[in-house]
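Shown next: start05.pdb, containing PDB, C-alpha atoms, pLDDT in the B column.
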ATOM      1  CA  MET A   1      -1.951  -7.281 -16.588  1.00 34.00           C
ATOM      2  CA  ASP A   2      -4.232  -9.744 -14.870  1.00 38.00           C
ATOM      3  CA  HIS A   3      -2.783 -12.668 -12.922  1.00 44.00           C
ATOM      4  CA  ARG A   4      -4.798 -15.287 -11.076  1.00 41.00           C
ATOM      5  CA  GLU A   5      -3.763 -18.165  -8.878  1.00 38.00           C
ATOM      6  CA  ARG A   6      -5.583 -21.048  -7.266  1.00 35.00           C
ATOM      7  CA  ARG A   7      -4.735 -22.289  -3.821  1.00 30.00           C
ATOM      8  CA  ARG A   8      -5.240 -25.776  -2.455  1.00 29.00           C
ATOM      9  CA  HIS A   9      -8.390 -26.269  -0.433  1.00 27.00           C
ATOM     10  CA  GLY A  10      -7.543 -25.957   3.242  1.00 30.00           C
ATOM     11  CA  PRO A  11      -9.125 -25.601   6.650  1.00 29.00           C
ATOM     12  CA  ALA A  12      -9.085 -21.821   6.699  1.00 32.00           C
ATOM     13  CA  LEU A  13      -9.180 -20.795   3.057  1.00 35.00           C
ATOM     14  CA  PRO A  14     -11.311 -23.292   1.103  1.00 31.00           C
ATOM     15  CA  GLY A  15     -11.433 -23.017  -2.647  1.00 33.00           C
ATOM     16  CA  LEU A  16     -10.107 -19.508  -2.879  1.00 38.00           C
ATOM     17  CA  LEU A  17      -8.701 -17.874  -5.969  1.00 41.00           C
ATOM     18  CA  VAL A  18      -6.149 -15.104  -5.605  1.00 43.00           C
ATOM     19  CA  ALA A  19      -6.060 -12.484  -8.319  1.00 43.00           C
ATOM     20  CA  CYS A  20      -2.803 -10.611  -8.502  1.00 42.00           C
ATOM     21  CA  VAL A  21      -3.669  -7.707 -10.748  1.00 44.00           C
ATOM     22  CA  LEU A  22      -1.055  -5.091 -11.426  1.00 41.00           C
ATOM     23  CA  ALA A  23      -3.871  -2.611 -11.150  1.00 38.00           C
ATOM     24  CA  GLY A  24      -3.311   0.961 -12.177  1.00 38.00           C
ATOM     25  CA  LEU A  25       0.109   0.204 -13.650  1.00 41.00           C
ATOM     26  CA  VAL A  26       0.814   3.447 -15.432  1.00 38.00           C
ATOM     27  CA  LEU A  27       3.666   5.208 -17.144  1.00 36.00           C
ATOM     28  CA  LEU A  28       4.096   8.885 -16.314  1.00 36.00           C
ATOM     29  CA  ARG A  29       6.668  10.852 -18.257  1.00 34.00           C
ATOM     30  CA  ASP A  30       8.523  13.675 -16.553  1.00 32.00           C
ATOM     31  CA  PRO A  31      11.582  14.308 -18.776  1.00 34.00           C
ATOM     32  CA  GLY A  32      11.914  17.934 -17.784  1.00 36.00           C
ATOM     33  CA  ALA A  33      11.907  17.517 -14.024  1.00 37.00           C
ATOM     34  CA  SER A  34      14.445  19.575 -12.143  1.00 39.00           C
ATOM     35  CA  GLY A  35      16.935  18.120  -9.673  1.00 42.00           C
ATOM     36  CA  ASP A  36      14.837  19.363  -6.777  1.00 42.00           C
ATOM     37  CA  ARG A  37      11.708  17.815  -8.277  1.00 44.00           C
ATOM     38  CA  LEU A  38      13.443  14.473  -8.763  1.00 44.00           C
ATOM     39  CA  ARG A  39      14.698  14.464  -5.188  1.00 46.00           C
ATOM     40  CA  GLU A  40      11.161  15.203  -4.018  1.00 47.00           C
ATOM     41  CA  LEU A  41       9.788  12.305  -6.072  1.00 51.00           C
ATOM     42  CA  PHE A  42      12.487   9.710  -5.591  1.00 48.00           C
ATOM     43  CA  GLY A  43      14.551  10.622  -2.511  1.00 49.00           C
ATOM     44  CA  THR A  44      18.280  10.894  -1.893  1.00 54.00           C
ATOM     45  CA  GLN A  45      21.236   8.846  -3.134  1.00 72.00           C
ATOM     46  CA  GLU A  46      21.733   7.061   0.178  1.00 85.00           C
ATOM     47  CA  ARG A  47      20.395   3.536   0.581  1.00 88.00           C
ATOM     48  CA  ARG A  48      17.988   2.991   3.461  1.00 84.00           C
ATOM     49  CA  ALA A  49      19.421  -0.471   4.232  1.00 85.00           C
ATOM     50  CA  GLU A  50      22.148  -2.869   3.199  1.00 87.00           C
ATOM     51  CA  VAL A  51      21.756  -4.839  -0.014  1.00 91.00           C
ATOM     52  CA  VAL A  52      20.349  -8.306   0.702  1.00 93.00           C
ATOM     53  CA  ALA A  53      22.673 -11.147  -0.283  1.00 94.00           C
ATOM     54  CA  LEU A  54      21.363 -13.214  -3.178  1.00 93.00           C
ATOM     55  CA  PRO A  55      20.140 -16.559  -1.770  1.00 95.00           C
ATOM     56  CA  ALA A  56      21.960 -19.622  -3.058  1.00 96.00           C
ATOM     57  CA  GLY A  57      20.224 -22.508  -4.761  1.00 95.00           C
ATOM     58  CA  ALA A  58      17.990 -23.167  -7.730  1.00 93.00           C
ATOM     59  CA  GLY A  59      14.764 -21.226  -8.042  1.00 95.00           C
ATOM     60  CA  GLU A  60      12.542 -19.367 -10.441  1.00 97.00           C
ATOM     61  CA  TYR A  61      11.446 -15.746 -10.428  1.00 97.00           C
ATOM     62  CA  GLU A  62       9.871 -13.272 -12.825  1.00 97.00           C
ATOM     63  CA  PHE A  63       9.673  -9.508 -12.722  1.00 97.00           C
ATOM     64  CA  ALA A  64       6.384  -7.727 -13.323  1.00 95.00           C
ATOM     65  CA  ALA A  65       8.121  -5.193 -15.589  1.00 94.00           C
ATOM     66  CA  THR A  66      11.624  -4.498 -16.875  1.00 95.00           C
ATOM     67  CA  GLN A  67      13.468  -1.353 -17.842  1.00 95.00           C
ATOM     68  CA  PRO A  68      13.154  -0.330 -21.520  1.00 91.00           C
ATOM     69  CA  GLY A  69      15.422  -2.464 -23.699  1.00 91.00           C
ATOM     70  CA  SER A  70      16.778  -4.331 -20.698  1.00 93.00           C
ATOM     71  CA  GLU A  71      16.203  -7.335 -18.462  1.00 94.00           C
ATOM     72  CA  GLU A  72      16.798  -5.148 -15.399  1.00 96.00           C
ATOM     73  CA  PRO A  73      13.636  -5.023 -13.296  1.00 96.00           C
ATOM     74  CA  VAL A  74      11.489  -2.029 -12.639  1.00 96.00           C
ATOM     75  CA  SER A  75      11.785  -1.571  -8.882  1.00 96.00           C
ATOM     76  CA  TRP A  76      11.333   0.861  -6.031  1.00 95.00           C
ATOM     77  CA  ASN A  77      13.972   3.397  -5.119  1.00 93.00           C
ATOM     78  CA  PRO A  78      16.004   1.774  -2.301  1.00 95.00           C
ATOM     79  CA  CYS A  79      17.113   5.237  -1.217  1.00 93.00           C
ATOM     80  CA  ARG A  80      13.583   6.246  -0.337  1.00 92.00           C
ATOM     81  CA  ASP A  81      11.226   4.825   2.301  1.00 95.00           C
ATOM     82  CA  ILE A  82       8.132   3.025   1.043  1.00 96.00           C
ATOM     83  CA  GLU A  83       5.235   4.514   2.977  1.00 97.00           C
ATOM     84  CA  TYR A  84       2.143   2.378   3.462  1.00 98.00           C
ATOM     85  CA  VAL A  85      -1.207   2.971   5.115  1.00 98.00           C
ATOM     86  CA  VAL A  86      -3.985   0.600   6.141  1.00 98.00           C
ATOM     87  CA  ASN A  87      -7.724   1.002   5.832  1.00 98.00           C
ATOM     88  CA  PRO A  88      -9.003  -1.493   8.440  1.00 98.00           C
ATOM     89  CA  ALA A  89     -12.671  -1.352   7.423  1.00 98.00           C
ATOM     90  CA  GLY A  90     -13.794  -4.958   6.965  1.00 97.00           C
ATOM     91  CA  ALA A  91     -10.483  -6.344   8.244  1.00 97.00           C
ATOM     92  CA  PRO A  92     -10.177  -9.148  10.806  1.00 96.00           C
ATOM     93  CA  ALA A  93      -9.363  -8.109  14.362  1.00 95.00           C
ATOM     94  CA  HIS A  94      -5.812  -9.447  14.040  1.00 95.00           C
ATOM     95  CA  TRP A  95      -5.002  -7.282  10.989  1.00 97.00           C
ATOM     96  CA  PRO A  96      -2.168  -5.378  12.759  1.00 97.00           C
ATOM     97  CA  GLN A  97      -0.340  -8.660  13.441  1.00 95.00           C
ATOM     98  CA  LEU A  98      -0.959  -9.855   9.892  1.00 97.00           C
ATOM     99  CA  VAL A  99       0.250  -6.666   8.206  1.00 98.00           C
ATOM    100  CA  GLU A 100       3.253  -6.237  10.475  1.00 98.00           C
ATOM    101  CA  ARG A 101       4.309  -9.822   9.812  1.00 97.00           C
ATOM    102  CA  SER A 102       4.096  -9.512   6.021  1.00 98.00           C
ATOM    103  CA  ILE A 103       5.778  -6.109   5.896  1.00 98.00           C
ATOM    104  CA  ALA A 104       8.652  -7.493   7.994  1.00 98.00           C
ATOM    105  CA  THR A 105       8.961 -10.469   5.630  1.00 98.00           C
ATOM    106  CA  LEU A 106       9.153  -8.235   2.548  1.00 98.00           C
ATOM    107  CA  SER A 107      11.535  -5.798   4.219  1.00 97.00           C
ATOM    108  CA  GLU A 108      13.941  -8.559   5.208  1.00 97.00           C
ATOM    109  CA  ALA A 109      13.809 -10.138   1.756  1.00 98.00           C
ATOM    110  CA  THR A 110      14.312  -6.922  -0.232  1.00 98.00           C
ATOM    111  CA  GLY A 111      16.165  -4.486   1.987  1.00 97.00           C
ATOM    112  CA  PHE A 112      13.475  -1.878   1.303  1.00 97.00           C
ATOM    113  CA  ARG A 113      12.516   0.160   4.345  1.00 96.00           C
ATOM    114  CA  PHE A 114       8.757   0.343   4.816  1.00 97.00           C
ATOM    115  CA  VAL A 115       7.294   3.096   6.968  1.00 97.00           C
ATOM    116  CA  TYR A 116       3.806   2.826   8.441  1.00 98.00           C
ATOM    117  CA  GLY A 117       1.790   5.970   7.807  1.00 97.00           C
ATOM    118  CA  GLY A 118      -1.103   4.942  10.043  1.00 98.00           C
ATOM    119  CA  GLU A 119      -4.737   4.117   9.421  1.00 98.00           C
ATOM    120  CA  THR A 120      -6.673   5.848   6.660  1.00 98.00           C
ATOM    121  CA  ASP A 121     -10.188   6.128   5.274  1.00 97.00           C
ATOM    122  CA  ASP A 122      -8.774   6.126   1.727  1.00 96.00           C
ATOM    123  CA  ARG A 123     -10.428   3.470  -0.436  1.00 96.00           C
ATOM    124  CA  ASN A 124      -9.025   4.458  -3.822  1.00 94.00           C
ATOM    125  CA  PHE A 125      -7.559   1.115  -4.853  1.00 92.00           C
ATOM    126  CA  THR A 126      -7.233   1.963  -8.556  1.00 85.00           C
ATOM    127  CA  SER A 127      -5.757   5.445  -8.992  1.00 84.00           C
ATOM    128  CA  ARG A 128      -2.781   5.886  -6.706  1.00 86.00           C
ATOM    129  CA  ILE A 129      -1.020   8.604  -8.739  1.00 81.00           C
ATOM    130  CA  GLY A 130      -2.438  12.074  -9.176  1.00 69.00           C
ATOM    131  CA  ALA A 131      -1.501  15.197 -11.057  1.00 64.00           C
ATOM    132  CA  LEU A 132       2.163  16.004 -11.695  1.00 66.00           C
ATOM    133  CA  GLY A 133       3.189  12.481 -10.745  1.00 70.00           C
ATOM    134  CA  ARG A 134       2.367  12.880  -7.072  1.00 75.00           C
ATOM    135  CA  SER A 135       1.765   9.449  -5.588  1.00 81.00           C
ATOM    136  CA  ALA A 136      -0.193   8.318  -2.573  1.00 90.00           C
ATOM    137  CA  PRO A 137       1.210   5.794  -0.071  1.00 96.00           C
ATOM    138  CA  VAL A 138       0.818   2.087  -0.732  1.00 97.00           C
ATOM    139  CA  LEU A 139      -2.698   1.230   0.416  1.00 97.00           C
ATOM    140  CA  ILE A 140      -3.610  -2.045   2.140  1.00 98.00           C
ATOM    141  CA  GLY A 141      -7.300  -2.673   2.695  1.00 98.00           C
ATOM    142  CA  TRP A 142     -10.229  -5.090   2.622  1.00 98.00           C
ATOM    143  CA  ALA A 143     -13.311  -5.037   0.412  1.00 97.00           C
ATOM    144  CA  ASP A 144     -15.892  -7.205  -1.349  1.00 95.00           C
ATOM    145  CA  ALA A 145     -16.751  -7.755  -4.987  1.00 94.00           C
ATOM    146  CA  GLU A 146     -19.466  -5.113  -4.918  1.00 95.00           C
ATOM    147  CA  GLU A 147     -16.817  -2.490  -4.251  1.00 95.00           C
ATOM    148  CA  VAL A 148     -13.891  -4.057  -6.151  1.00 94.00           C
ATOM    149  CA  GLU A 149     -14.990  -6.075  -9.179  1.00 93.00           C
ATOM    150  CA  ASP A 150     -11.736  -8.043  -9.332  1.00 91.00           C
ATOM    151  CA  LEU A 151     -12.715  -9.727  -6.057  1.00 90.00           C
ATOM    152  CA  ALA A 152     -15.721 -11.425  -7.695  1.00 89.00           C
ATOM    153  CA  GLY A 153     -16.081 -15.171  -7.340  1.00 85.00           C
ATOM    154  CA  ASP A 154     -13.409 -16.990  -5.376  1.00 78.00           C
ATOM    155  CA  VAL A 155     -10.863 -14.176  -5.561  1.00 80.00           C
ATOM    156  CA  ALA A 156      -9.094 -13.540  -2.278  1.00 86.00           C
ATOM    157  CA  GLY A 157      -6.803 -10.626  -3.064  1.00 90.00           C
ATOM    158  CA  VAL A 158      -5.629  -8.136  -5.632  1.00 90.00           C
ATOM    159  CA  GLY A 159      -2.312  -6.305  -5.669  1.00 92.00           C
ATOM    160  CA  GLY A 160      -0.290  -4.062  -7.931  1.00 91.00           C
ATOM    161  CA  ALA A 161       1.939  -1.042  -8.333  1.00 94.00           C
ATOM    162  CA  ALA A 162       2.430   2.007 -10.527  1.00 92.00           C
ATOM    163  CA  TYR A 163       5.625   3.513 -11.855  1.00 90.00           C
ATOM    164  CA  LEU A 164       6.919   6.833 -13.101  1.00 89.00           C
ATOM    165  CA  GLU A 165       9.465   7.407 -15.844  1.00 85.00           C
ATOM    166  CA  SER A 166      12.087  10.110 -15.707  1.00 73.00           C
ATOM    167  CA  THR A 167      15.253  10.389 -17.800  1.00 72.00           C
ATOM    168  CA  GLY A 168      14.574   6.978 -19.315  1.00 80.00           C
ATOM    169  CA  ARG A 169      14.287   4.973 -16.097  1.00 86.00           C
ATOM    170  CA  TRP A 170      11.123   3.554 -14.571  1.00 93.00           C
ATOM    171  CA  THR A 171      10.617   3.469 -10.813  1.00 93.00           C
ATOM    172  CA  TYR A 172       7.636   2.276  -8.787  1.00 94.00           C
ATOM    173  CA  THR A 173       6.166   5.065  -6.712  1.00 93.00           C
ATOM    174  CA  THR A 174       2.948   3.658  -5.236  1.00 94.00           C
ATOM    175  CA  GLY A 175       0.806   0.549  -5.058  1.00 95.00           C
ATOM    176  CA  MET A 176      -2.097  -1.197  -3.398  1.00 96.00           C
ATOM    177  CA  VAL A 177      -3.354  -4.483  -1.975  1.00 97.00           C
ATOM    178  CA  VAL A 178      -7.044  -5.172  -1.446  1.00 96.00           C
ATOM    179  CA  LEU A 179      -8.085  -8.395   0.293  1.00 96.00           C
ATOM    180  CA  ASP A 180     -11.433 -10.179   0.352  1.00 94.00           C
ATOM    181  CA  THR A 181     -13.313  -9.628   3.598  1.00 95.00           C
ATOM    182  CA  ASP A 182     -14.915 -13.098   3.402  1.00 92.00           C
ATOM    183  CA  VAL A 183     -11.547 -14.864   3.263  1.00 90.00           C
ATOM    184  CA  PHE A 184      -9.774 -12.921   5.999  1.00 92.00           C
ATOM    185  CA  VAL A 185     -11.985 -13.960   8.888  1.00 90.00           C
ATOM    186  CA  ASP A 186     -11.223 -13.410  12.553  1.00 89.00           C
ATOM    187  CA  LEU A 187      -8.986 -16.032  14.138  1.00 86.00           C
ATOM    188  CA  PRO A 188      -9.960 -16.617  17.774  1.00 80.00           C
ATOM    189  CA  PRO A 189      -7.323 -17.333  20.432  1.00 79.00           C
ATOM    190  CA  GLY A 190      -6.069 -20.893  20.190  1.00 79.00           C
ATOM    191  CA  SER A 191      -6.621 -21.159  16.435  1.00 84.00           C
ATOM    192  CA  ASP A 192      -4.370 -23.395  14.395  1.00 86.00           C
ATOM    193  CA  PRO A 193      -1.269 -21.261  13.628  1.00 87.00           C
ATOM    194  CA  ARG A 194      -1.388 -22.531  10.043  1.00 88.00           C
ATOM    195  CA  GLU A 195      -4.575 -20.553   9.492  1.00 89.00           C
ATOM    196  CA  LEU A 196      -2.638 -17.341  10.126  1.00 91.00           C
ATOM    197  CA  ASP A 197       0.156 -18.664   7.909  1.00 93.00           C
ATOM    198  CA  LEU A 198      -2.334 -19.144   5.072  1.00 91.00           C
ATOM    199  CA  GLN A 199      -3.714 -15.641   5.432  1.00 93.00           C
ATOM    200  CA  ALA A 200      -0.195 -14.182   5.632  1.00 95.00           C
ATOM    201  CA  ALA A 201       0.799 -16.095   2.489  1.00 95.00           C
ATOM    202  CA  ILE A 202      -1.905 -14.301   0.511  1.00 93.00           C
ATOM    203  CA  LEU A 203      -0.726 -10.906   1.718  1.00 96.00           C
ATOM    204  CA  ASP A 204       2.931 -11.867   1.115  1.00 97.00           C
ATOM    205  CA  HIS A 205       2.050 -12.880  -2.442  1.00 95.00           C
ATOM    206  CA  GLU A 206       0.218  -9.623  -3.140  1.00 95.00           C
ATOM    207  CA  LEU A 207       2.995  -7.528  -1.628  1.00 97.00           C
ATOM    208  CA  GLY A 208       5.390  -9.518  -3.800  1.00 97.00           C
ATOM    209  CA  HIS A 209       3.556  -8.044  -6.785  1.00 95.00           C
ATOM    210  CA  VAL A 210       3.637  -4.585  -5.234  1.00 96.00           C
ATOM    211  CA  VAL A 211       7.431  -4.618  -4.966  1.00 97.00           C
ATOM    212  CA  GLY A 212       7.848  -5.942  -8.506  1.00 96.00           C
ATOM    213  CA  LEU A 213       7.489  -9.727  -8.805  1.00 96.00           C
ATOM    214  CA  GLY A 214       5.368 -11.465 -11.418  1.00 94.00           C
ATOM    215  CA  HIS A 215       4.027 -15.007 -11.525  1.00 93.00           C
ATOM    216  CA  VAL A 216       6.249 -18.028 -12.204  1.00 95.00           C
ATOM    217  CA  ASP A 217       5.672 -21.543 -13.526  1.00 94.00           C
ATOM    218  CA  SER A 218       7.383 -23.340 -10.631  1.00 94.00           C
ATOM    219  CA  ARG A 219       5.179 -24.909  -7.970  1.00 92.00           C
ATOM    220  CA  GLU A 220       8.050 -24.466  -5.510  1.00 94.00           C
ATOM    221  CA  GLU A 221       7.541 -20.688  -5.339  1.00 96.00           C
ATOM    222  CA  LEU A 222       4.931 -18.631  -3.519  1.00 95.00           C
ATOM    223  CA  MET A 223       4.576 -16.532  -6.691  1.00 93.00           C
ATOM    224  CA  TYR A 224       3.332 -19.575  -8.615  1.00 88.00           C
ATOM    225  CA  ALA A 225      -0.047 -18.699 -10.146  1.00 79.00           C
ATOM    226  CA  ASP A 226      -1.688 -21.929  -8.931  1.00 68.00           C
ATOM    227  CA  ASN A 227      -0.316 -22.182  -5.424  1.00 63.00           C
ATOM    228  CA  VAL A 228      -0.501 -25.686  -3.961  1.00 67.00           C
ATOM    229  CA  GLY A 229      -0.157 -24.809  -0.312  1.00 80.00           C
ATOM    230  CA  ARG A 230       3.095 -22.887   0.165  1.00 89.00           C
ATOM    231  CA  THR A 231       3.011 -20.497   3.091  1.00 94.00           C
ATOM    232  CA  SER A 232       6.414 -18.845   2.590  1.00 96.00           C
ATOM    233  CA  PHE A 233       8.575 -17.526  -0.220  1.00 97.00           C
ATOM    234  CA  GLY A 234      10.637 -20.095  -2.107  1.00 97.00           C
ATOM    235  CA  THR A 235      14.268 -19.812  -3.181  1.00 98.00           C
ATOM    236  CA  GLY A 236      13.418 -18.209  -6.509  1.00 98.00           C
ATOM    237  CA  ASP A 237      11.009 -15.755  -4.873  1.00 98.00           C
ATOM    238  CA  LEU A 238      13.739 -14.690  -2.465  1.00 98.00           C
ATOM    239  CA  GLN A 239      16.264 -14.325  -5.280  1.00 98.00           C
ATOM    240  CA  GLY A 240      13.902 -12.079  -7.215  1.00 98.00           C
ATOM    241  CA  LEU A 241      13.108 -10.008  -4.132  1.00 98.00           C
ATOM    242  CA  ALA A 242      16.814  -9.550  -3.379  1.00 98.00           C
ATOM    243  CA  LEU A 243      17.466  -8.404  -6.958  1.00 97.00           C
ATOM    244  CA  LEU A 244      14.605  -5.911  -6.728  1.00 98.00           C
ATOM    245  CA  GLY A 245      16.090  -4.511  -3.539  1.00 97.00           C
ATOM    246  CA  ALA A 246      19.513  -4.236  -5.164  1.00 95.00           C
ATOM    247  CA  ALA A 247      18.273  -1.755  -7.761  1.00 93.00           C
ATOM    248  CA  PRO A 248      20.277   1.479  -7.977  1.00 91.00           C
ATOM    249  CA  CYS A 249      19.047   4.653  -6.359  1.00 89.00           C
ATOM    250  CA  SER A 250      16.901   6.689  -8.728  1.00 77.00           C
TER     251      SER A 250
END

Translate the structure of the given file into structure tokens.
Amino acid sequence: MDHRERRRHGPALPGLLVACVLAGLVLLRDPGASGDRLRELFGTQERRAEVVALPAGAGEYEFAATQPGSEEPVSWNPCRDIEYVVNPAGAPAHWPQLVERSIATLSEATGFRFVYGGETDDRNFTSRIGALGRSAPVLIGWADAEEVEDLAGDVAGVGGAAYLESTGRWTYTTGMVVLDTDVFVDLPPGSDPRELDLQAAILDHELGHVVGLGHVDSREELMYADNVGRTSFGTGDLQGLALLGAAPCS
């Protein structure tokens, strides 16, 4: 599935196009897994955090995928930490602040507990699941179009996730975000705070795809494909994120 969005021209991110590709979205079948194997893959039956209350108000949200024969979203296991790593090659100097900010935003909105696994030299942005359904941590990194074709043209970022099926239920187990090095430039001290907001909005949007959101038709949401300048999640975005976090333990 290939999703693209345009953002309004602005002082920090002129004319950029954000591609939100659910890259490497795969279905792995493991119907014969033992109880021990399932616990290894998906975790325990104890939630890592409280369920986030569904925000009030009118909004629009879409899920990237739904359970077979159901409108229930495919989501992450809320009883298992979501580990992520960062490859800082090509990243702006303020990448730790940027990543920490976006991870905190997604954690608060979903109730998922993200755990930082440190820096990595891993640059495999397409195949995050290996043999026997073993998944790598969510990878956040920076690249150019020569390395990642989906960043060609005015594309500023690509994000997606992969899921595994067992006993008829699909659960995300890994994902990735790769951001364009030319868009995420260094911000010197004293820069307009909105420039950081604009960069964070791109990462928030891509991480929104990683946790299970799709694009919407409403211009009031950050997950709108043709963003017109939003720098934070809208009501519908937050409703969808809360519902993703409320998924049952797998």

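Take the candidates A:Glu83, A:Glu195, A:Asp182, A:Glu62 and check each one against Gly212 in chain A using all atoms listed in the file; the shortest distance goes to A:Glu62.
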
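Compared by their closest atoms to Ala93 in chain A, and using all atoms listed in the file, the residues A:Asp186, A:Val211, A:Leu203, A:Ala162 rank with A:Asp186 nearest.
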
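Closest approach to Ala247 in chain A among A:Asn124, A:Thr105, A:Thr171, A:Thr181 is made by A:Thr171 (distances from only C-alpha atoms).
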
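Going from CA of Tyr224 in chain A over to CA of Leu243 in chain A, you cover 18.1 Å.
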
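Our summary of the geometry notes that CA of Ala143 in chain A is positioned 27.7 Å from CA of Thr110 in chain A.
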
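For the residues A:Ala65, A:Val177, A:Leu222, A:Leu241, ranking by smallest atom-to-atom distance to Trp142 in chain A using only C-alpha atoms places A:Val177 first.
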
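For the choices A:Ala64, A:Trp95, A:Pro88, A:Asp81, the atom-to-atom distance to Gly159 in chain A is smallest for A:Ala64 when using all atoms listed in the file.
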
List the residues selected by the PyMOL selection byres ((chain A and resi 82) around 7) in the file shown, writing them as a PyMOL selection string.
-> chain A and resi 80-81+83-84+113-115

Hey, what comes out of the PyMOL selection byres ((chain A and resi 204) around 12) on this file? Could you write it as a VMD selection string?
-> chain A and resid 18 20 98 to 107 109 140 157 to 159 177 179 196 to 203 205 to 211 213 221 to 223 230 to 234 237 to 238 241

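Closest approach to Ser250 in chain A among A:Asp192, A:Asp150, A:Glu165, A:Glu220 is made by A:Glu165 (distances from only C-alpha atoms).
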
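Between CA of Asp180 in chain A and CA of Pro96 in chain A there is a distance of 16.2 Å.
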
Could you tell me which residues the PyMOL selection byres ((chain A and resi 51) around 7) grabs in this file, written as a CSV table (one decimal) with C-alpha atoms, in the frame of the given file?
chain,number,residue,atom,x,y,z
A,49,ALA,CA,19.4,-0.5,4.2
A,50,GLU,CA,22.1,-2.9,3.2
A,52,VAL,CA,20.3,-8.3,0.7
A,53,ALA,CA,22.7,-11.1,-0.3
A,111,GLY,CA,16.2,-4.5,2.0
A,245,GLY,CA,16.1,-4.5,-3.5
A,246,ALA,CA,19.5,-4.2,-5.2

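Residues in contact range of Thr174 in chain A, defined as at most 10 Å between only C-alpha atoms, with sequence neighbours fewer than 6 positions away removed, read Gly24, Leu25, Trp76, Ile82, Glu83, Tyr84, Ser127, Arg128, Ile129, Arg134, Ser135, Ala136, Pro137, Val138, Leu139, Gly160, Ala161, Ala162, Tyr163, Leu164, Val210 and Val211 of chain A.
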
For range 206-224 of chain A, take all atoms listed in the file, fit an axis-aligned box around them, add 6 Å to each of the six sides, then output centre and edge lengths in Å rounded to one decimal, as JSON.
{"center_x": 4.1, "center_y": -14.7, "center_z": -7.6, "size_x": 19.8, "size_y": 32.3, "size_z": 23.9}
